[in-house]
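Data block for run13.txt (compact mmCIF, C-alpha atoms and all ligand atoms):
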# COMPACT_ATOMS: atom_id res chain seq x y z
CA MET A 1333 25.11 18.57 -17.24
CA THR A 1334 28.68 18.12 -15.97
CA ASN A 1335 30.91 15.07 -15.82
CA LYS A 1336 29.32 13.97 -12.58
CA PRO A 1337 27.24 10.78 -12.64
CA THR A 1338 23.65 11.44 -13.62
CA VAL A 1339 20.53 10.44 -11.76
CA TYR A 1340 17.08 10.50 -13.32
CA VAL A 1341 14.21 10.96 -10.87
CA THR A 1342 10.75 10.15 -12.21
CA ARG A 1343 8.85 12.61 -9.97
CA GLU A 1344 9.41 15.43 -7.50
CA ILE A 1345 10.16 13.65 -4.22
CA PRO A 1346 10.43 15.58 -0.93
CA ALA A 1347 13.37 17.98 -0.73
CA PRO A 1348 15.55 16.15 1.81
CA GLY A 1349 16.09 13.33 -0.70
CA LEU A 1350 16.52 15.49 -3.78
CA GLU A 1351 18.95 17.82 -2.01
CA GLN A 1352 21.09 14.87 -0.94
CA LEU A 1353 21.31 13.65 -4.53
CA LYS A 1354 22.00 17.10 -5.94
CA GLU A 1355 25.00 17.55 -3.64
CA SER A 1356 27.03 15.00 -5.61
CA TYR A 1357 25.25 14.22 -8.85
CA ASP A 1358 23.63 15.78 -11.86
CA VAL A 1359 19.97 15.24 -11.20
CA GLU A 1360 17.11 15.53 -13.67
CA VAL A 1361 13.59 15.36 -12.28
CA TRP A 1362 10.36 14.70 -14.18
CA SER A 1363 8.41 17.68 -12.90
CA GLU A 1364 4.88 16.87 -14.03
CA LYS A 1365 2.17 15.62 -11.71
CA ARG A 1366 1.34 12.60 -13.87
CA PRO A 1367 4.04 9.98 -14.22
CA PRO A 1368 6.19 9.74 -17.32
CA SER A 1369 5.25 6.87 -19.63
CA LYS A 1370 7.63 3.96 -19.91
CA GLU A 1371 8.77 5.34 -23.27
CA GLN A 1372 9.48 8.72 -21.71
CA ILE A 1373 11.55 7.11 -18.96
CA ILE A 1374 13.46 5.11 -21.57
CA ASP A 1375 14.08 8.27 -23.63
CA ARG A 1376 15.41 10.25 -20.68
CA LEU A 1377 17.61 7.44 -19.35
CA SER A 1378 19.05 6.92 -22.80
CA GLU A 1379 19.56 10.61 -23.55
CA LEU A 1380 21.21 11.24 -20.17
CA GLU A 1381 23.11 7.96 -20.24
CA ALA A 1382 21.95 7.89 -16.64
CA ASP A 1383 23.91 6.10 -13.95
CA GLY A 1384 21.06 6.02 -11.45
CA LEU A 1385 17.27 5.93 -11.54
CA VAL A 1386 15.00 6.97 -8.69
CA CYS A 1387 11.49 5.78 -9.49
CA LEU A 1388 8.03 5.54 -7.93
CA LEU A 1389 5.62 2.67 -7.49
CA THR A 1390 3.67 3.97 -10.50
CA ASP A 1391 6.57 3.31 -12.90
CA ASP A 1392 6.90 -0.03 -14.68
CA ILE A 1393 10.62 -0.75 -14.53
CA ASP A 1394 11.37 -3.74 -16.71
CA ALA A 1395 14.31 -4.93 -18.80
CA THR A 1396 13.61 -2.46 -21.61
CA VAL A 1397 13.94 0.41 -19.15
CA MET A 1398 17.11 -1.04 -17.67
CA ASP A 1399 18.64 -1.41 -21.12
CA ALA A 1400 17.99 2.24 -21.98
CA SER A 1401 21.29 3.30 -20.42
CA SER A 1402 24.31 1.03 -20.40
CA ASN A 1403 25.64 3.07 -17.45
CA LEU A 1404 22.74 2.22 -15.15
CA GLU A 1405 24.10 0.97 -11.84
CA VAL A 1406 21.25 1.47 -9.44
CA ILE A 1407 17.46 1.69 -9.35
CA SER A 1408 16.09 3.15 -6.16
CA THR A 1409 12.35 3.06 -5.68
CA TYR A 1410 10.62 5.59 -3.45
CA SER A 1411 8.45 2.84 -1.93
CA VAL A 1412 8.67 -0.25 0.18
CA GLY A 1413 6.83 -2.29 -2.47
CA TYR A 1414 8.91 -3.32 -5.48
CA ASP A 1415 6.39 -5.30 -7.52
CA HIS A 1416 6.83 -2.70 -10.30
CA VAL A 1417 10.55 -3.47 -10.69
CA ASP A 1418 11.70 -6.62 -12.47
CA LEU A 1419 14.23 -7.83 -9.90
CA ALA A 1420 15.33 -10.81 -11.99
CA ALA A 1421 16.16 -8.53 -14.92
CA ALA A 1422 18.07 -6.18 -12.60
CA THR A 1423 20.02 -9.06 -11.07
CA GLU A 1424 20.94 -10.38 -14.54
CA ARG A 1425 22.28 -6.93 -15.42
CA ASP A 1426 24.05 -6.46 -12.10
CA ILE A 1427 21.93 -3.40 -11.32
CA ALA A 1428 21.33 -2.80 -7.61
CA VAL A 1429 17.73 -2.15 -6.52
CA GLY A 1430 16.86 -0.22 -3.36
CA HIS A 1431 13.54 0.31 -1.58
CA THR A 1432 12.29 1.95 1.64
CA PRO A 1433 11.21 -0.67 4.19
CA GLY A 1434 10.55 -0.02 7.87
CA VAL A 1435 10.08 3.72 7.76
CA LEU A 1436 6.45 3.55 6.66
CA THR A 1437 5.35 0.61 8.81
CA GLU A 1438 3.79 2.52 11.72
CA THR A 1439 2.40 5.26 9.48
CA THR A 1440 0.67 2.69 7.28
CA ALA A 1441 -0.70 0.89 10.34
CA ASP A 1442 -2.10 4.19 11.67
CA PHE A 1443 -3.86 4.76 8.37
CA THR A 1444 -5.20 1.20 8.22
CA TRP A 1445 -6.88 1.83 11.56
CA SER A 1446 -8.28 5.14 10.44
CA LEU A 1447 -9.78 3.47 7.36
CA LEU A 1448 -11.16 0.64 9.47
CA ALA A 1449 -12.78 3.07 11.92
CA THR A 1450 -14.08 5.24 9.08
CA CYS A 1451 -15.77 2.22 7.51
CA ALA A 1452 -17.14 0.81 10.76
CA ARG A 1453 -18.49 4.07 12.11
CA ARG A 1454 -19.60 5.50 8.79
CA THR A 1455 -17.67 8.75 9.02
CA VAL A 1456 -17.89 9.60 5.32
CA GLU A 1457 -21.65 9.05 5.28
CA GLY A 1458 -21.91 11.22 8.40
CA TYR A 1459 -20.01 14.05 6.74
CA GLU A 1460 -22.16 13.82 3.61
CA TYR A 1461 -25.29 13.86 5.78
CA VAL A 1462 -24.27 17.14 7.35
CA ARG A 1463 -23.05 18.62 4.07
CA ASP A 1464 -26.33 17.71 2.36
CA ASP A 1465 -28.26 19.54 5.09
CA LYS A 1466 -30.02 16.40 6.31
CA TRP A 1467 -29.07 16.87 9.99
CA GLU A 1468 -32.37 17.88 11.54
CA THR A 1469 -32.07 16.27 14.94
CA TRP A 1470 -30.26 13.60 16.97
CA GLN A 1471 -31.69 10.18 16.12
CA PRO A 1472 -31.29 6.92 18.02
CA GLU A 1473 -30.40 4.83 15.00
CA LEU A 1474 -28.84 7.34 12.67
CA LEU A 1475 -25.85 5.86 10.79
CA THR A 1476 -25.14 3.15 13.31
CA GLY A 1477 -22.27 0.75 12.69
CA PRO A 1478 -20.59 -2.14 14.46
CA ASP A 1479 -18.42 -1.75 17.52
CA ILE A 1480 -14.71 -2.03 16.91
CA HIS A 1481 -13.77 -2.78 20.50
CA GLY A 1482 -14.21 -6.39 21.44
CA ALA A 1483 -14.54 -7.51 17.80
CA THR A 1484 -12.38 -10.03 15.93
CA LEU A 1485 -9.72 -8.60 13.64
CA GLY A 1486 -8.38 -10.86 10.91
CA ILE A 1487 -4.96 -10.08 9.51
CA VAL A 1488 -3.77 -11.66 6.29
CA GLY A 1489 0.02 -11.42 6.37
CA LEU A 1490 1.81 -10.76 9.65
CA GLY A 1491 4.82 -8.98 8.15
CA ASN A 1492 5.96 -5.62 9.51
CA ILE A 1493 2.79 -3.74 8.66
CA GLY A 1494 0.42 -6.57 9.63
CA ASN A 1495 2.28 -6.78 12.91
CA ALA A 1496 1.97 -3.03 13.55
CA VAL A 1497 -1.76 -3.21 12.82
CA ALA A 1498 -2.12 -6.17 15.21
CA LYS A 1499 -0.24 -4.27 17.93
CA ARG A 1500 -2.83 -1.50 17.88
CA ALA A 1501 -5.66 -4.01 18.37
CA ALA A 1502 -4.75 -4.36 22.06
CA GLY A 1503 -6.11 -0.86 22.68
CA PHE A 1504 -9.46 -2.01 21.34
CA ASP A 1505 -9.58 -5.26 23.32
CA MET A 1506 -9.91 -7.22 20.11
CA THR A 1507 -9.27 -10.84 19.33
CA VAL A 1508 -6.77 -11.10 16.49
CA LEU A 1509 -6.65 -14.03 14.07
CA TYR A 1510 -3.86 -14.04 11.52
CA SER A 1511 -2.75 -16.15 8.60
CA ASP A 1512 0.60 -16.15 6.89
CA VAL A 1513 2.66 -18.51 4.76
CA GLN A 1514 4.35 -19.45 8.00
CA GLN A 1515 3.48 -19.22 11.67
CA ARG A 1516 5.38 -16.25 13.12
CA GLU A 1517 5.96 -17.49 16.64
CA GLU A 1518 8.37 -14.77 17.72
CA ALA A 1519 6.10 -11.98 16.52
CA GLU A 1520 3.12 -13.72 18.11
CA GLN A 1521 4.92 -13.93 21.43
CA GLN A 1522 5.94 -10.27 21.36
CA LEU A 1523 2.41 -9.22 20.49
CA ALA A 1524 0.98 -11.40 23.25
CA GLU A 1525 3.43 -9.81 25.71
CA SER A 1526 2.16 -6.37 24.70
CA GLY A 1527 -1.39 -7.47 25.42
CA VAL A 1528 -2.63 -8.64 22.02
CA ASP A 1529 -4.88 -11.70 22.04
CA ILE A 1530 -3.50 -13.25 18.85
CA THR A 1531 -3.84 -16.69 17.25
CA HIS A 1532 -2.42 -18.17 14.06
CA VAL A 1533 -5.13 -19.86 11.97
CA ASP A 1534 -5.71 -20.96 8.35
CA GLN A 1535 -6.44 -18.18 5.93
CA GLU A 1536 -9.88 -19.65 5.39
CA LYS A 1537 -10.66 -19.18 9.09
CA VAL A 1538 -9.47 -15.57 9.03
CA PHE A 1539 -12.04 -14.79 6.38
CA ARG A 1540 -14.81 -16.88 7.94
CA GLN A 1541 -14.52 -15.76 11.57
CA SER A 1542 -13.40 -12.14 11.51
CA ASP A 1543 -15.48 -9.01 11.87
CA PHE A 1544 -12.77 -7.00 10.12
CA VAL A 1545 -10.28 -8.48 7.66
CA SER A 1546 -7.21 -6.40 6.86
CA VAL A 1547 -4.85 -7.48 4.09
CA HIS A 1548 -1.09 -6.97 4.42
CA VAL A 1549 0.71 -9.02 1.80
CA PRO A 1550 3.11 -7.84 -0.89
CA LEU A 1551 1.97 -8.25 -4.49
CA PHE A 1552 3.47 -11.14 -6.40
CA GLU A 1553 2.00 -13.94 -8.49
CA ALA A 1554 0.83 -15.98 -5.49
CA THR A 1555 -0.99 -13.05 -3.87
CA ARG A 1556 -2.60 -11.60 -7.01
CA GLY A 1557 -6.35 -12.12 -6.55
CA LEU A 1558 -5.81 -13.60 -3.08
CA VAL A 1559 -9.14 -12.09 -2.04
CA GLY A 1560 -11.56 -13.45 -4.63
CA GLU A 1561 -15.11 -14.71 -4.80
CA GLU A 1562 -14.52 -17.70 -2.51
CA GLU A 1563 -12.95 -15.61 0.27
CA LEU A 1564 -15.55 -12.86 0.02
CA ARG A 1565 -18.43 -15.34 0.05
CA SER A 1566 -17.00 -16.99 3.15
CA MET A 1567 -16.89 -13.73 5.14
CA LYS A 1568 -19.58 -12.76 7.63
CA GLU A 1569 -22.31 -10.66 6.07
CA SER A 1570 -21.54 -8.05 8.70
CA ALA A 1571 -17.79 -8.06 8.00
CA ILE A 1572 -15.67 -5.22 6.69
CA LEU A 1573 -12.70 -5.74 4.36
CA ILE A 1574 -9.73 -3.34 4.48
CA ASN A 1575 -6.98 -3.27 1.86
CA THR A 1576 -3.93 -1.02 2.26
CA SER A 1577 -1.51 -3.41 0.52
CA ARG A 1578 -1.74 -3.50 -3.28
CA GLY A 1579 -4.90 -3.20 -5.40
CA PRO A 1580 -4.61 -6.46 -7.38
CA VAL A 1581 -4.51 -8.51 -4.15
CA VAL A 1582 -8.30 -8.05 -4.10
CA GLU A 1583 -10.17 -9.04 -7.28
CA THR A 1584 -12.19 -6.00 -8.24
CA ALA A 1585 -14.91 -7.93 -10.11
CA SER A 1586 -15.45 -10.23 -7.12
CA LEU A 1587 -15.57 -7.29 -4.72
CA ILE A 1588 -18.22 -5.61 -6.87
CA LYS A 1589 -20.31 -8.80 -6.65
CA ALA A 1590 -19.75 -9.00 -2.90
CA LEU A 1591 -20.92 -5.42 -2.35
CA ASP A 1592 -23.78 -5.75 -4.79
CA GLN A 1593 -25.09 -9.00 -3.31
CA ASP A 1594 -24.36 -8.09 0.31
CA TRP A 1595 -21.89 -10.90 0.93
CA ILE A 1596 -20.07 -8.40 3.16
CA GLU A 1597 -21.11 -5.19 4.86
CA ARG A 1598 -18.51 -2.78 3.56
CA ALA A 1599 -14.96 -2.38 2.20
CA GLY A 1600 -12.27 0.22 2.75
CA LEU A 1601 -9.67 0.45 0.02
CA ASP A 1602 -6.58 2.61 -0.04
CA VAL A 1603 -5.33 0.72 -3.08
CA THR A 1604 -7.38 -0.36 -6.08
CA ASP A 1605 -7.20 -2.27 -9.33
CA PRO A 1606 -7.12 -0.32 -11.56
CA GLU A 1607 -5.16 2.41 -9.86
CA PRO A 1608 -5.90 5.25 -10.08
CA LEU A 1609 -9.60 4.41 -9.96
CA PRO A 1610 -11.52 6.54 -12.48
CA ALA A 1611 -14.42 8.50 -11.00
CA ASP A 1612 -16.88 6.65 -13.25
CA HIS A 1613 -15.67 3.19 -12.19
CA GLU A 1614 -18.43 0.73 -11.25
CA LEU A 1615 -16.91 0.22 -7.78
CA LEU A 1616 -17.69 3.81 -6.86
CA GLU A 1617 -21.40 3.16 -7.31
CA TYR A 1618 -21.20 1.52 -3.87
CA ALA A 1619 -19.61 4.51 -2.14
CA PRO A 1620 -19.95 5.72 0.52
CA GLU A 1621 -22.57 3.37 2.03
CA LYS A 1622 -20.69 0.20 1.20
CA LEU A 1623 -17.29 1.45 0.17
CA VAL A 1624 -14.70 3.99 1.23
CA VAL A 1625 -11.83 4.63 -1.18
CA THR A 1626 -8.74 6.75 -0.62
CA PRO A 1627 -5.98 7.44 -3.17
CA HIS A 1628 -3.10 5.25 -1.89
CA LEU A 1629 -2.44 7.48 1.11
CA ALA A 1630 -1.45 4.99 3.80
CA SER A 1631 2.17 6.11 4.07
CA ALA A 1632 1.36 9.77 3.50
CA SER A 1633 2.47 11.38 6.73
CA ILE A 1634 4.76 14.38 6.26
CA GLU A 1635 7.57 12.79 8.26
CA THR A 1636 7.38 9.40 6.57
CA ARG A 1637 7.28 10.72 3.03
CA GLN A 1638 10.36 12.84 3.84
CA LYS A 1639 12.19 9.90 5.37
CA MET A 1640 11.31 7.77 2.35
CA ALA A 1641 12.96 10.41 0.15
CA GLU A 1642 16.11 10.32 2.27
CA MET A 1643 16.20 6.54 2.14
CA ALA A 1644 15.68 6.51 -1.62
CA ALA A 1645 18.57 8.98 -1.99
CA GLU A 1646 20.81 6.93 0.33
CA ASN A 1647 20.15 3.77 -1.68
CA ALA A 1648 20.89 5.56 -4.95
CA ILE A 1649 24.09 7.10 -3.57
CA ALA A 1650 25.33 3.77 -2.22
CA GLY A 1651 24.68 2.11 -5.59
CA LEU A 1652 26.47 4.88 -7.47
CA GLN A 1653 29.45 4.46 -5.16
CA SER A 1654 29.38 0.69 -5.73
CA ASN A 1655 28.63 0.14 -2.05
CA PRO A 1656 26.05 -2.29 -0.67
CA LEU A 1657 22.67 -0.58 -0.51
CA PRO A 1658 21.37 0.17 3.00
CA ASN A 1659 18.05 -1.33 1.85
CA SER A 1660 18.38 -3.71 -1.05
CA ALA A 1661 15.13 -5.06 -2.53
CA ILE A 1662 17.06 -7.91 -4.10
CA GLU A 1663 18.38 -9.08 -0.73
CA ASP A 1664 15.04 -8.54 1.03
CA ASP A 1665 13.32 -10.61 -1.65
CA HIS A 1666 15.31 -13.73 -0.74
C1 LIG B 1701 4.91 1.61 -0.72
O1 LIG B 1701 5.86 2.32 -0.39
O2 LIG B 1701 5.04 0.56 -1.33
C2 LIG B 1701 3.57 2.07 -0.32
O3 LIG B 1701 2.56 1.42 -0.98
C3 LIG B 1701 3.43 3.58 -0.50
O4 LIG B 1701 2.42 3.97 0.37
Representation of the structure as structure tokens:
Amino acid sequence: MTNKPTVYVTREIPAPGLEQLKESYDVEVWSEKRPPSKEQIIDRLSELEADGLVCLLTDDIDATVMDASSNLEVISTYSVGYDHVDLAAATERDIAVGHTPGVLTETTADFTWSLLATCARRTVEGYEYVRDDKWETWQPELLTGPDIHGATLGIVGLGNIGNAVAKRAAGFDMTVLYSDVQQREEAEQQLAESGVDITHVDQEKVFRQSDFVSVHVPLFEATRGLVGEEELRSMKESAILINTSRGPVVETASLIKALDQDWIERAGLDVTDPEPLPADHELLEYAPEKLVVTPHLASASIETRQKMAEMAAENAIAGLQSNPLPNSAIEDDH
């Protein structure tokens, strides 16, 4: 290492971001596929006396991590979500925190729709049917599922991603019901102008009246377990639940009961609690007939993951230069 400031990166992120960092800083990257443990992050930050940390959503960045290097000026997470970073502890220590909002909105909305369609039209079961050599002939009622067009889509949380999901509903002639901590009149109006039939209702109504419920809230104390037994019991028996937000927003034990006792038809999860979901987890007993699970892929388009790397690098660089971050999690949290 030289006398340049040092940045510790907790995983290989796409080249455009790493290259940007390497141009001006000494950069050390954790090169293994599995994340470093918290102790390993602490060790490296302390050993390097790191000035910057680029982390992932799988890293638990609390006060003990921040205190590992007295030089630490900036934490830049390669994610829009920052529930894994203790913002209060960072603020107390005057450490800037960056994240990557905006860039993954449309990509995540695309994926939400693909998961919704996969669940409704039983794509995974169809593939397994062919793979298992069961396809003998065309059958009138083989693997039928509900129509998407004309159905009611419930959106919990009309932030950027919820909004982008709602926008796509116009193409399917759907009725959209949404709940949020506040009515988002401007967003509603814009969506209505682009042809979306959208209404703000109580959260309880979203669950009770929708054919598809898609969850788009960040994870914090108030949203942990937001989808529990009461919500799942109130859903239509034919309804499908989609979660591309954060795993703990849906209570796993309640979802298992809901699938087991047919309170709902099916669920599509891109995020789980626990995450990663072990292959022998009880939830997977319901796949693929009642459950489709993907490994937190919603933002995983080539372009978006590259742009996220650039944004993470830009936030880190701004923090190291004592400039305001282009995307500060601390400011966005207020
Ligand atoms: C994020 O960036 O928070 C997303 O969950 C990654 O897909």
**Item:** Residue nearest A:Arg1598 among A:Lys1336, A:Lys1622, A:Arg1516, A:Arg1376 (counting only C-alpha atoms)
**Value:**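 Comparing A:Lys1336, A:Lys1622, A:Arg1516, A:Arg1376 against A:Arg1598, the winner is A:Lys1622.
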Neighbours of stretch 1360-1372 of chain A within 7 Å (only C-alpha atoms; same-chain residues fewer than 3 positions away dropped), as a compact mmCIF listing (two decimals) with C-alpha atoms, keeping the file's coordinate frame?
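Result file out_10.txt:
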# COMPACT_ATOMS: atom_id res chain seq x y z
CA VAL A 1339 20.53 10.44 -11.76
CA TYR A 1340 17.08 10.50 -13.32
CA VAL A 1341 14.21 10.96 -10.87
CA THR A 1342 10.75 10.15 -12.21
CA ARG A 1343 8.85 12.61 -9.97
CA GLU A 1344 9.41 15.43 -7.50
CA ASP A 1375 14.08 8.27 -23.63
CA ARG A 1376 15.41 10.25 -20.68
CA ASP A 1392 6.90 -0.03 -14.68
How close does each residue of stretch 1407-1511 of chain A get to stretch 1628-1648 of chain A, giving the shortest atom pair and distance in Å to one decimal for every residue with an atom at most 6 Å away, counting all atoms listed in the file, sorted by chain and residue number, as CSV?
residue,atom,partner,partner_atom,distance
A:Ser1408,CA,A:Ala1648,CA,5.5
A:Tyr1410,CA,A:Ala1644,CA,5.5
A:Gly1430,CA,A:Asn1647,CA,5.4
A:Thr1432,CA,A:Met1640,CA,5.9
A:Leu1436,CA,A:Ser1631,CA,5.6
A:Thr1439,CA,A:Ser1631,CA,5.5
A:Thr1440,CA,A:Ala1630,CA,4.7
A:Phe1443,CA,A:Ala1630,CA,5.2
**Item:** Shortest interatomic distance to ligand LIG 1701 (chain B) - which of A:Ala1400, A:Val1386, A:Val1412, A:Leu1564, counting only C-alpha atoms and all ligand atoms
**Value:**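 The answer is A:Val1412, which sits nearest to ligand LIG 1701 (chain B).
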**Request:** For atom CA of A:Val1547 and atom C3 of ligand LIG 1701 (chain B), determine how far apart the two atoms are, in Å to one decimal place.
**Result:** 14.6 Å
**Prompt:** Can you tell me how far atom CA of A:Trp1470 sits from atom CA of A:Ala1619, in Å to one decimal?
**Reply:** 23.7 Å
**Prompt:** So how far away is atom CA of A:Glu1405 from atom CA of A:Leu1652, in Å?
**Reply:** 6.3 Å
**A:Asp1605 environment, 12 Å, only C-alpha atoms, sequence neighbours closer than 3 positions dropped, as a PyMOL selection string** = chain A and resi 1551+1556-1557+1575+1577-1588+1601-1602+1608-1610+1613-1615+1625+1627-1628
**Item:** Distance query stretch 1590-1596 of chain A at most 12 Å, all atoms listed in the file, self and fewer than 3 positions along chain excluded, as a PyMOL selection string
**Value:** chain A and resi 1539-1540+1542-1545+1559-1574+1582-1587+1599-1600+1614-1624
Output, as AutoDock Vina command-line options, the centre and edge lengths in Å (one decimal) of the axis-aligned box that contains all listed atoms of ligand LIG 1701 (chain B) with 3 Å of margin on each side.
--center_x 4.1 --center_y 2.3 --center_z -0.5 --size_x 9.4 --size_y 9.4 --size_z 7.7
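Distances here use all atoms listed in the file; by that measure, the residue among A:Pro1550, A:Gly1384, A:Gly1413, A:Gly1458 closest to ligand LIG 1701 (chain B) is A:Gly1413.
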**Item:** Among listed residues A:Gly1486, A:Thr1390, A:Pro1346, A:Ile1373, nearest ligand LIG 1701 (chain B) (using all atoms listed in the file)
**Value:**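 Going through A:Gly1486, A:Thr1390, A:Pro1346, A:Ile1373 one by one, the smallest distance to ligand LIG 1701 (chain B) is for A:Thr1390.
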**Item:** Test item: residues at most 12 Å from A:Asp1529, all atoms listed in the file, excluding those fewer than 3 positions along its chain, as an MDAnalysis selection string
**Value:** chainID A and resid 1482:1486 1498:1510 1520:1526 1532
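With all atoms listed in the file as the basis for measurement, A:Val1549 is the residue among A:Leu1475, A:Val1397, A:Val1549, A:Val1359 that approaches ligand LIG 1701 (chain B) most closely.
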**Request:** Name the closest residue to A:Tyr1357 among the candidates A:Thr1409, A:Asn1655, A:Ser1402, A:Thr1338; distances are taken between atoms, counting all atoms listed in the file.
**Result:**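 The closest residue to A:Tyr1357 is A:Thr1338.
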